[in-house]
Amino acid sequence: MQKTYKKYFPLFVIPTLIAYMIAFVIPFAMGLWLSFCKFKTISSAKFVGLSNYITVFQNSSGFLQALWFTVRFAIVGVLTTNIIAFALALLLTRKIRGTNFFRTIFFMPNLIGGIVLGYIWQLLLNGILIKLVNADLTYSATYGYWGMVILFNWQMIGYVMVIYIAGIQSISTDVLEAAEIDGASPWQMLKSIIVPMTMTSITICLFLTLTNAFKLFDQNLALTAGAPGKQTAMLALDIYDTYYNRVGFAGVGQAKAVVFFLLVAAISMVQLRITRSKEVE
């Protein structure tokens, strides 16, 4: 049987490998090369060395401002999303009536597309702000920032909650019952049993929310489009604006994309290493 598997293994792998090369590896390699070029079209690319990367880290490029805004957003967005989702998961794994209904309701926002979600919350939040302070989301970067956090929470909490529910339900009831018999308080059970034994779910949820927070584009475009004055532009939107809306900056936009990829990859790897080290069998 093993010989048969080995014989036909390339037959099944090669089509997938070719598709992966065409869809990811080749475009990535071309993008990496273009980040060192100045160009309007691929055929007119001219090598300029590290010039594009130097421009990326100049204040005039807007990248550092977008990076700082994205980091601040990611920290608050990831923490609030995971804390609220974990609290809801704890609540909805108790034996109370209607848990399946509430799980469905909380999960539904994740099914709505980013652009649609952004415009929905733009209408809602602008309506509230106009009544309260006679201003909209684009009046202040603070309004746009918290608008993005609220939108991100509303979209992601239900999705993350489902993963936490699966993790909590996988804990053996014998362990929880033994701790309860020994007189452990709810806080002690949460800190010493539930959290350590759901660390695998926490790893997954932190990875998903962290990467999504950094890659957010549709919602940012629909909610504020970077206004006022690009102060609420996140990294993905800043790269888009640089590449498509600034004449002669296509190479700089490509360099920003490469830096963005390396940054998200590095942060994700660090997060995975830290949280996996705390997982228990």
# chains A, B, ... in the order shown; residues from 1 in each chain; ligands from 1
call {"tool": "closest_atom_pairs", "arguments": {"of": "segment 124-236 of chain A", "to": "segment 95-104 of chain A", "cutoff": "9 Å", "atoms": "only C-alpha atoms", "output": "tab-separated table"}}
result
residue	atom	partner	partner_atom	distance
A:Gly158	CA	A:Arg103	CA	7.4
A:Met161	CA	A:Arg103	CA	8.2
A:Val162	CA	A:Arg103	CA	7.4
call {"tool": "write_last_selection", "arguments": {"atoms": "N, CA and C atoms", "output": "PDB file, in the first residue's frame"}}
result
ATOM      1  N   GLY A 158     -18.001  37.260  17.656  1.00  0.00           N
ATOM      2  CA  GLY A 158     -18.773  36.033  17.502  1.00  0.00           C
ATOM      3  C   GLY A 158     -17.957  34.889  16.940  1.00  0.00           C
ATOM      4  N   MET A 161     -15.515  33.766  19.573  1.00  0.00           N
ATOM      5  CA  MET A 161     -16.278  33.127  20.652  1.00  0.00           C
ATOM      6  C   MET A 161     -16.532  31.654  20.359  1.00  0.00           C
ATOM      7  N   VAL A 162     -16.860  31.323  19.121  1.00  0.00           N
ATOM      8  CA  VAL A 162     -17.130  29.931  18.732  1.00  0.00           C
ATOM      9  C   VAL A 162     -15.894  29.059  18.969  1.00  0.00           C
TER      10      VAL A 162
END
call {"tool": "residues_around", "arguments": {"residues": "Val252 of chain A", "least_positions_apart": "6", "cutoff": "8 Å", "atoms": "only C-alpha atoms", "output": "list in words"}}
result
Ser35, Lys38, Asn52, Tyr53, Thr55, Val56, Thr242 and Tyr243 of chain A
call {"tool": "write_last_selection", "arguments": {"atoms": "N, CA and C atoms", "output": "compact mmCIF listing (two decimals), in the first residue's frame"}}
result
# COMPACT_ATOMS: atom_id res chain seq x y z
N SER A 35 9.81 45.88 -5.86
CA SER A 35 10.01 46.80 -4.73
C SER A 35 11.37 47.50 -4.81
N LYS A 38 11.67 51.32 -10.04
CA LYS A 38 10.73 52.40 -10.30
C LYS A 38 10.01 52.04 -11.60
N ASN A 52 13.46 52.97 -2.89
CA ASN A 52 12.05 52.86 -2.48
C ASN A 52 11.93 52.61 -0.98
N TYR A 53 12.80 51.77 -0.44
CA TYR A 53 12.73 51.44 0.98
C TYR A 53 13.13 52.64 1.84
N THR A 55 12.55 55.74 1.00
CA THR A 55 11.38 56.62 0.93
C THR A 55 10.27 56.15 1.87
N VAL A 56 10.11 54.83 1.99
CA VAL A 56 9.06 54.27 2.85
C VAL A 56 9.18 54.81 4.27
N THR A 242 -0.83 54.71 -1.81
CA THR A 242 0.49 54.98 -2.37
C THR A 242 0.63 54.39 -3.77
N TYR A 243 0.18 53.16 -3.94
CA TYR A 243 0.36 52.46 -5.21
C TYR A 243 -0.55 53.03 -6.31
call {"tool": "closest_atom_pairs", "arguments": {"of": "segment 183-278 of chain A", "to": "segment 113-135 of chain A", "cutoff": "10 Å", "atoms": "only C-alpha atoms", "output": "tab-separated table"}}
result
residue	atom	partner	partner_atom	distance
A:Leu216	CA	A:Gly114	CA	8.8
A:Phe217	CA	A:Gly114	CA	8.1
A:Asp218	CA	A:Ile115	CA	5.1
A:Gln219	CA	A:Gly118	CA	4.6
A:Asn220	CA	A:Gly118	CA	7.2
A:Leu221	CA	A:Ile115	CA	7.6
A:Ala222	CA	A:Gly118	CA	4.8
A:Leu223	CA	A:Gly118	CA	4.9
A:Thr224	CA	A:Gln122	CA	7.8
call {"tool": "residues_around", "arguments": {"residues": "Trp154 of chain A", "least_positions_apart": "2", "cutoff": "9 Å", "atoms": "only C-alpha atoms", "output": "ChimeraX atom specification"}}
result
/A:81,106,109-110,149-152,156-158
call {"tool": "select_by_dssp", "arguments": {"residues": "segment 38-221 of chain A", "states": "alpha helix (DSSP H)", "output": "ChimeraX atom specification"}}
result
/A:51-56,63-92,99-107,114-133,141-169,173-181,186-189,195-197,199-215,218-221
call {"tool": "closest_atom_pairs", "arguments": {"of": "segment 210-271 of chain A", "to": "segment 16-33 of chain A", "cutoff": "9 Å", "atoms": "only C-alpha atoms", "output": "tab-separated table"}}
result
residue	atom	partner	partner_atom	distance
A:Gln254	CA	A:Gly31	CA	6.6
A:Ala255	CA	A:Leu32	CA	7.7
A:Ala257	CA	A:Gly31	CA	8.5
A:Val258	CA	A:Leu32	CA	6.7
call {"tool": "write_last_selection", "arguments": {"atoms": "C-alpha atoms", "output": "short mmCIF file (atom, residue, chain, number, x, y, z; two decimals), in the first residue's frame"}}
result
data_model
loop_
_atom_site.label_atom_id
_atom_site.label_comp_id
_atom_site.auth_asym_id
_atom_site.auth_seq_id
_atom_site.Cartn_x
_atom_site.Cartn_y
_atom_site.Cartn_z
CA GLN A 254 5.39 47.78 -3.55
CA ALA A 255 8.21 48.31 -1.04
CA ALA A 257 3.81 45.93 0.80
CA VAL A 258 7.00 43.91 1.33
#
call {"tool": "atom_distance", "arguments": {"atom1": "atom CA of Arg72 of chain A", "atom2": "atom CA of Gly251 of chain A"}}
result
27.0 Å
call {"tool": "select_by_dssp", "arguments": {"residues": "segment 34-106 of chain A", "states": "strand (DSSP E or B)", "output": "PDB file with C-alpha atoms, in the first residue's frame"}}
result
ATOM      1  CA  CYS A  37      12.370  49.228  -9.088  1.00  0.00           C
ATOM      2  CA  LYS A  38      10.733  52.400 -10.303  1.00  0.00           C
ATOM      3  CA  LYS A  46      13.960  50.184 -13.755  1.00  0.00           C
ATOM      4  CA  PHE A  47      16.168  49.015 -10.878  1.00  0.00           C
TER       5      PHE A  47
END
call {"tool": "residues_around", "arguments": {"residues": "Trp68 of chain A", "least_positions_apart": "6", "cutoff": "12 Å", "atoms": "only C-alpha atoms", "output": "mmCIF file with N, CA and C atoms, in the first residue's frame"}}
result
data_model
loop_
_atom_site.group_PDB
_atom_site.id
_atom_site.type_symbol
_atom_site.label_atom_id
_atom_site.label_comp_id
_atom_site.auth_asym_id
_atom_site.auth_seq_id
_atom_site.Cartn_x
_atom_site.Cartn_y
_atom_site.Cartn_z
ATOM 1 N N ASN A 59 9.045 60.481 6.756
ATOM 2 C CA ASN A 59 7.759 60.929 7.283
ATOM 3 C C ASN A 59 6.772 61.306 6.179
ATOM 4 N N GLY A 62 4.015 58.703 4.771
ATOM 5 C CA GLY A 62 2.797 58.359 5.501
ATOM 6 C C GLY A 62 2.820 56.967 6.112
ATOM 7 N N ALA A 74 -4.479 47.673 16.725
ATOM 8 C CA ALA A 74 -4.345 46.228 16.902
ATOM 9 C C ALA A 74 -4.285 45.855 18.381
ATOM 10 N N ILE A 75 -3.552 46.618 19.174
ATOM 11 C CA ILE A 75 -3.434 46.311 20.606
ATOM 12 C C ILE A 75 -4.802 46.344 21.281
ATOM 13 N N TYR A 145 -10.762 56.310 15.185
ATOM 14 C CA TYR A 145 -10.060 55.215 15.861
ATOM 15 C C TYR A 145 -11.035 54.326 16.628
ATOM 16 N N PHE A 214 -4.141 43.764 11.625
ATOM 17 C CA PHE A 214 -3.105 44.420 10.825
ATOM 18 C C PHE A 214 -3.493 44.492 9.345
ATOM 19 N N GLN A 231 -5.108 60.527 8.844
ATOM 20 C CA GLN A 231 -4.733 60.218 10.228
ATOM 21 C C GLN A 231 -5.291 58.878 10.687
ATOM 22 N N THR A 232 -6.345 58.395 10.031
ATOM 23 C CA THR A 232 -6.919 57.099 10.411
ATOM 24 C C THR A 232 -6.657 56.038 9.343
ATOM 25 N N ALA A 233 -5.698 56.293 8.461
ATOM 26 C CA ALA A 233 -5.340 55.300 7.438
ATOM 27 C C ALA A 233 -4.488 54.209 8.067
ATOM 28 N N MET A 234 -4.917 52.955 7.914
ATOM 29 C CA MET A 234 -4.126 51.830 8.395
ATOM 30 C C MET A 234 -3.154 51.394 7.304
ATOM 31 N N LEU A 235 -2.313 50.425 7.609
ATOM 32 C CA LEU A 235 -1.228 50.068 6.697
ATOM 33 C C LEU A 235 -1.727 49.631 5.326
#
call {"tool": "atom_distance", "arguments": {"atom1": "atom CA of Thr138 of chain A", "atom2": "atom CA of Phe57 of chain A"}}
result
25.8 Å
call {"tool": "closest_residue", "arguments": {"among": "A:Arg94, A:Lys191, A:Lys6, A:Lys256", "to": "Leu67 of chain A", "atoms": "only C-alpha atoms"}}
result
A:Lys256
call {"tool": "closest_residue", "arguments": {"among": "A:Tyr164, A:Phe261, A:Phe249, A:Phe9", "to": "Leu90 of chain A", "atoms": "only C-alpha atoms"}}
result
A:Tyr164
call {"tool": "residues_around", "arguments": {"residues": "segment 273-280 of chain A", "least_positions_apart": "3", "cutoff": "12 Å", "atoms": "only C-alpha atoms", "output": "MDAnalysis selection string"}}
result
chainID A and resid 171 192:207 266:270
